[in-house]
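Asks: Have a look at this one before I ask anything.
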Amino acid sequence: LSATNIVRLKRLWEQDYKDWARRDLSSKRYVYFWADGIYFNVRLEDAENKRQCILIIMGTLENGKKELVSILDGYRESKQAWQEMLGDLKHRGLKEGPKLAVGDGGLGFWAALREEFPETIEQRCWVHKTANILDKMPKSIQPRAKVHIRDMYMAPTKEEALKACHHFLSQYQVKYERSCNCLEKDKDSLFAFYDFPAEHWRQIRSTNPIESTFATVRLRTNRTKGCGSRLATLTMVFKLAMETEKNRAENQRTSTYRKGH
């Protein structure tokens, strides 16, 4: 493509992003949110060479369709940044928060969520929590401990999951107190997903829906050299994420067609 065409396409895409970021949400009703802050290897011109952090919310509508809800740039995952994002959703017409929100335990997201949508139930991500627990143990113990952790979130019922949790704590409390404290402090929000339909458990016990979508985005941004503007970075992440979302929907339709024939 010529330089002129590239400039023209960038302008069109930037306008697409601006229109999307201002779209009306009054008809939307989300059942689930996934929230995460993802760092990309793109440095902003005015950011003192700091890597760009993009705050992301994905959601599931009542009809089961997953979609990108919001993208906002920031330098850290602060309560103020997340509150700005959630407040903007309300300003654009979102009447209710989701029934359940999934995220990492370290996010400022939770403090913001409690103020903006206090009725939403919190679910901590098991992938992040597993890594945090194991990080506080010797490497020799980690494989066995990981099996015990998996027994918690893969249990067929909440009652059995809590039994597995109690077994883990009784086995490791004496020698690995820091790991057990890491588990106990988020215990209530780790098992919240069991109160929702079993067919949704695999999706709502971690932030994998965001990770899988933005793995493709990272591949592209990792090749981006030098610095970029705030709008250019947001536009690139937005367009790549929307293309990934479109391809996933197309693959799902193809898979459904093949099963029917």
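Ordering of the structure tokens sets the chain letters (A, B, ...); residue numbers start at 1 within each chain; ligands are numbered from 1 in the order shown.
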Env of Pro209 of chain A: 9 Å cut, atoms = only C-alpha atoms, seq-sep filter 3 positions within chain, self excluded. Answer as a PyMOL selection string.
Replies: chain A and resi 34+58+66+203-204+206+212-214
Asks: Generate the output file for the selected residues, N, CA, C and O atoms, as a PDB file, in the first residue's frame.
Replies:
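Output contents, as saved in again17.pdb:
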ATOM      1  N   TRP A  34     -15.500  -9.853  31.779  1.00  0.00           N
ATOM      2  CA  TRP A  34     -14.112 -10.221  32.072  1.00  0.00           C
ATOM      3  C   TRP A  34     -13.302  -8.946  31.991  1.00  0.00           C
ATOM      4  O   TRP A  34     -13.430  -8.175  31.027  1.00  0.00           O
ATOM      5  N   MET A  58     -14.457  -7.352  28.398  1.00  0.00           N
ATOM      6  CA  MET A  58     -15.255  -8.127  27.466  1.00  0.00           C
ATOM      7  C   MET A  58     -16.514  -8.578  28.190  1.00  0.00           C
ATOM      8  O   MET A  58     -16.518  -8.692  29.422  1.00  0.00           O
ATOM      9  N   LYS A  66     -20.408 -13.212  22.935  1.00  0.00           N
ATOM     10  CA  LYS A  66     -19.320 -12.476  23.567  1.00  0.00           C
ATOM     11  C   LYS A  66     -18.960 -11.287  22.696  1.00  0.00           C
ATOM     12  O   LYS A  66     -18.953 -11.386  21.474  1.00  0.00           O
ATOM     13  N   GLN A 203     -15.764 -21.088  31.229  1.00  0.00           N
ATOM     14  CA  GLN A 203     -15.530 -19.743  30.723  1.00  0.00           C
ATOM     15  C   GLN A 203     -15.403 -18.698  31.836  1.00  0.00           C
ATOM     16  O   GLN A 203     -14.668 -17.721  31.693  1.00  0.00           O
ATOM     17  N   ILE A 204     -16.120 -18.897  32.942  1.00  0.00           N
ATOM     18  CA  ILE A 204     -16.219 -17.826  33.935  1.00  0.00           C
ATOM     19  C   ILE A 204     -15.335 -18.027  35.167  1.00  0.00           C
ATOM     20  O   ILE A 204     -15.398 -17.225  36.099  1.00  0.00           O
ATOM     21  N   SER A 206     -12.005 -18.002  34.887  1.00  0.00           N
ATOM     22  CA  SER A 206     -10.728 -17.353  34.593  1.00  0.00           C
ATOM     23  C   SER A 206     -10.938 -16.247  33.563  1.00  0.00           C
ATOM     24  O   SER A 206     -12.020 -16.108  32.989  1.00  0.00           O
ATOM     25  N   SER A 212      -7.151 -15.221  25.338  1.00  0.00           N
ATOM     26  CA  SER A 212      -7.158 -15.868  24.024  1.00  0.00           C
ATOM     27  C   SER A 212      -7.409 -14.866  22.908  1.00  0.00           C
ATOM     28  O   SER A 212      -6.806 -14.950  21.833  1.00  0.00           O
ATOM     29  N   THR A 213      -8.276 -13.898  23.152  1.00  0.00           N
ATOM     30  CA  THR A 213      -8.561 -12.881  22.133  1.00  0.00           C
ATOM     31  C   THR A 213      -7.351 -11.999  21.884  1.00  0.00           C
ATOM     32  O   THR A 213      -6.991 -11.705  20.737  1.00  0.00           O
ATOM     33  N   PHE A 214      -6.684 -11.586  22.958  1.00  0.00           N
ATOM     34  CA  PHE A 214      -5.609 -10.610  22.816  1.00  0.00           C
ATOM     35  C   PHE A 214      -4.240 -11.225  22.597  1.00  0.00           C
ATOM     36  O   PHE A 214      -3.256 -10.509  22.413  1.00  0.00           O
TER      37      PHE A 214
END
Asks: Mind running segment 84-173 of chain A against segment 189-193 of chain A at 7 Å and telling me each contacting residue's nearest atom pair with the distance in Å (one decimal), counting only C-alpha atoms, chain and number ascending, as a tab-separated table?
Replies:
residue	atom	partner	partner_atom	distance
A:Glu122	CA	A:Ser189	CA	5.6
A:Gln123	CA	A:Ser189	CA	4.8
A:Arg124	CA	A:Leu190	CA	5.1
Asks: Between A:Thr130, A:Thr207, A:Thr244, A:Ser27, which has the minimum distance to Val102 of chain A (counting only C-alpha atoms)?
Replies: A:Thr207
Asks: In segment 77-214 of chain A, what's strand (DSSP E or B) per DSSP? Answer as number ranges by chain?
Replies: A: 100-103, 121-124
Asks: Atoms to include: C-alpha atoms. Write the selected residues as a PDB file, in the first residue's frame.
Replies:
ATOM      1  CA  LEU A 100     -20.736 -11.788  37.537  1.00  0.00           C
ATOM      2  CA  ALA A 101     -17.383 -10.129  36.828  1.00  0.00           C
ATOM      3  CA  VAL A 102     -14.135 -12.080  36.423  1.00  0.00           C
ATOM      4  CA  GLY A 103     -10.663 -10.626  36.957  1.00  0.00           C
ATOM      5  CA  ILE A 121     -20.769 -10.762  42.098  1.00  0.00           C
ATOM      6  CA  GLU A 122     -16.964 -11.029  42.021  1.00  0.00           C
ATOM      7  CA  GLN A 123     -15.051 -14.017  40.642  1.00  0.00           C
ATOM      8  CA  ARG A 124     -11.260 -14.151  40.948  1.00  0.00           C
TER       9      ARG A 124
END
Asks: Using only C-alpha atoms, find the one residue out of A:Thr235, A:Asn181, A:Thr60, A:Gln80 that sits nearest to Gly108 of chain A.
Replies: A:Gln80
Asks: What is the atom CA of Asn132 of chain A to atom CA of Leu183 of chain A distance in Å?
Replies: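 These two atoms are separated by 8.8 Å.
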Asks: Could you tell me, as an NGL selection string, which residues of segment 45-261 of chain A DSSP assigns to helix (DSSP H, G or I) when given the backbone?
Replies: :A and (79-91 or 109-116 or 126-134 or 142-153 or 158-172 or 177-184 or 187-190 or 192-195 or 198-204 or 208-221 or 230-260)
Asks: Excluding Lys158 of chain A and any residue of its chain fewer than 4 positions from it, enumerate the residues within 10 Å of it, using only C-alpha atoms, and give them as a PyMOL selection string.
Replies: chain A and resi 152-154+162-164+191-195
Asks: Keeping only N, CA, C and O atoms, write those residues as a compact mmCIF listing (two decimals), in the first residue's frame.
Replies:
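Written file, again37.txt:
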# COMPACT_ATOMS: atom_id res chain seq x y z
N MET A 152 -9.75 -28.21 43.21
CA MET A 152 -10.73 -27.24 43.74
C MET A 152 -11.65 -26.74 42.62
O MET A 152 -12.87 -26.87 42.70
N TYR A 153 -11.05 -26.16 41.58
CA TYR A 153 -11.89 -25.52 40.56
C TYR A 153 -12.46 -26.48 39.52
O TYR A 153 -13.32 -26.10 38.74
N MET A 154 -12.00 -27.74 39.55
CA MET A 154 -12.57 -28.75 38.65
C MET A 154 -13.55 -29.68 39.37
O MET A 154 -14.09 -30.60 38.77
N LEU A 162 -14.99 -26.91 48.08
CA LEU A 162 -14.61 -26.38 49.39
C LEU A 162 -13.90 -27.43 50.24
O LEU A 162 -12.98 -27.11 51.01
N LYS A 163 -14.28 -28.69 50.07
CA LYS A 163 -13.57 -29.77 50.76
C LYS A 163 -12.14 -29.87 50.26
O LYS A 163 -11.20 -30.06 51.05
N ALA A 164 -11.97 -29.74 48.94
CA ALA A 164 -10.62 -29.78 48.35
C ALA A 164 -9.79 -28.60 48.85
O ALA A 164 -8.58 -28.72 49.08
N PHE A 191 -14.81 -19.19 44.47
CA PHE A 191 -15.80 -20.24 44.23
C PHE A 191 -17.17 -19.69 43.81
O PHE A 191 -18.15 -20.43 43.76
N ALA A 192 -17.23 -18.41 43.49
CA ALA A 192 -18.51 -17.80 43.10
C ALA A 192 -19.09 -18.42 41.83
O ALA A 192 -20.31 -18.51 41.67
N PHE A 193 -18.23 -18.88 40.93
CA PHE A 193 -18.73 -19.41 39.65
C PHE A 193 -19.62 -20.63 39.80
O PHE A 193 -20.44 -20.92 38.93
N TYR A 194 -19.49 -21.33 40.93
CA TYR A 194 -20.32 -22.52 41.15
C TYR A 194 -21.81 -22.19 41.30
O TYR A 194 -22.66 -23.07 41.17
N ASP A 195 -22.13 -20.93 41.55
CA ASP A 195 -23.53 -20.53 41.70
C ASP A 195 -24.19 -20.18 40.37
O ASP A 195 -25.33 -19.73 40.34
Asks: Got a sec: who's within 8 Å of Asp104 of chain A, counting only C-alpha atoms, leaving out chain neighbours fewer than 5 positions off, as a VMD selection string?
Replies: chain A and resid 35 to 36 124 to 125 128 to 129 207
Asks: Suppose we keep C-alpha atoms; can you now write the selection as a PDB file, in the first residue's frame?
Replies:
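Resulting contents of out.pdb:
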ATOM      1  CA  ALA A  35     -11.673  -7.458  33.013  1.00  0.00           C
ATOM      2  CA  ASP A  36      -7.913  -7.295  32.618  1.00  0.00           C
ATOM      3  CA  ARG A 124     -11.260 -14.151  40.948  1.00  0.00           C
ATOM      4  CA  CYS A 125      -9.370 -15.684  38.040  1.00  0.00           C
ATOM      5  CA  HIS A 128      -3.807 -15.882  38.096  1.00  0.00           C
ATOM      6  CA  LYS A 129      -4.546 -17.244  41.568  1.00  0.00           C
ATOM      7  CA  THR A 207      -9.942 -14.418  32.311  1.00  0.00           C
TER       8      THR A 207
END
Asks: Please identify all polymer residues within 9 Å of Glu119 of chain A, counting only C-alpha atoms, omitting same-chain residues fewer than 2 positions from it, and present them as a ChimeraX atom specification.
Replies: /A:96-99,114,117,121
Asks: Pull N, CA and C atoms from the residues just selected and write them as a JSON list (two decimals), in the first residue's frame.
Replies:
[["chain", "number", "residue", "atom", "x", "y", "z"],
["A", 96, "GLU", "N", -27.59, -1.62, 33.94],
["A", 96, "GLU", "CA", -27.25, -2.57, 35.00],
["A", 96, "GLU", "C", -25.86, -3.15, 34.74],
["A", 97, "GLY", "N", -25.19, -3.50, 35.82],
["A", 97, "GLY", "CA", -23.93, -4.21, 35.69],
["A", 97, "GLY", "C", -24.18, -5.68, 35.41],
["A", 98, "PRO", "N", -23.14, -6.45, 35.12],
["A", 98, "PRO", "CA", -23.30, -7.89, 34.88],
["A", 98, "PRO", "C", -23.63, -8.62, 36.17],
["A", 99, "LYS", "N", -24.12, -9.83, 36.04],
["A", 99, "LYS", "CA", -24.37, -10.65, 37.23],
["A", 99, "LYS", "C", -23.05, -11.08, 37.88],
["A", 114, "ARG", "N", -17.23, -2.05, 42.86],
["A", 114, "ARG", "CA", -18.08, -2.00, 44.06],
["A", 114, "ARG", "C", -18.80, -0.65, 44.18],
["A", 117, "PHE", "N", -21.09, -0.65, 40.23],
["A", 117, "PHE", "CA", -22.08, -1.73, 40.08],
["A", 117, "PHE", "C", -21.99, -2.65, 41.30],
["A", 121, "ILE", "N", -21.53, -9.77, 41.34],
["A", 121, "ILE", "CA", -20.77, -10.76, 42.10],
["A", 121, "ILE", "C", -19.35, -10.84, 41.54]]
Asks: Contacts of segment 10-26 of chain A at 12 Å or less, counting only C-alpha atoms, minus same-chain residues fewer than 4 places along, as an MDAnalysis selection string?
Replies: chainID A and resid 3:6 30 61 68:72 85 88:97 229:242
Asks: The selected residues should be written to file as a compact mmCIF listing (two decimals), in the first residue's frame (atoms: C-alpha atoms).
Replies:
# COMPACT_ATOMS: atom_id res chain seq x y z
CA ALA A 3 1.81 5.98 2.10
CA THR A 4 -1.27 7.95 1.04
CA ASN A 5 -3.53 4.89 1.30
CA ILE A 6 -2.08 3.97 4.69
CA TYR A 30 -24.55 -8.18 29.99
CA LEU A 61 -24.91 -10.78 26.38
CA LEU A 68 -15.67 -6.34 23.34
CA VAL A 69 -17.28 -3.83 25.72
CA SER A 70 -14.62 -1.19 26.35
CA ILE A 71 -10.95 -0.35 25.80
CA LEU A 72 -9.11 2.39 27.67
CA MET A 85 -14.15 3.22 32.26
CA ASP A 88 -18.39 5.91 30.92
CA LEU A 89 -20.40 2.72 30.30
CA LYS A 90 -23.15 4.05 32.59
CA HIS A 91 -22.99 7.47 30.93
CA ARG A 92 -23.61 5.81 27.56
CA GLY A 93 -26.73 4.07 28.81
CA LEU A 94 -25.72 0.80 30.48
CA LYS A 95 -28.47 0.47 33.07
CA GLU A 96 -27.25 -2.57 35.00
CA GLY A 97 -23.93 -4.21 35.69
CA SER A 229 0.25 8.26 19.59
CA ARG A 230 -2.41 7.40 22.15
CA LEU A 231 -5.14 7.29 19.50
CA ALA A 232 -3.06 5.21 17.08
CA THR A 233 -2.34 2.63 19.78
CA LEU A 234 -5.97 2.36 20.88
CA THR A 235 -7.08 2.15 17.24
CA MET A 236 -4.64 -0.65 16.45
CA VAL A 237 -5.65 -2.70 19.49
CA PHE A 238 -9.33 -2.08 18.76
CA LYS A 239 -9.15 -3.09 15.09
CA LEU A 240 -7.10 -6.22 15.76
CA ALA A 241 -9.43 -7.28 18.58
CA MET A 242 -12.52 -6.76 16.41
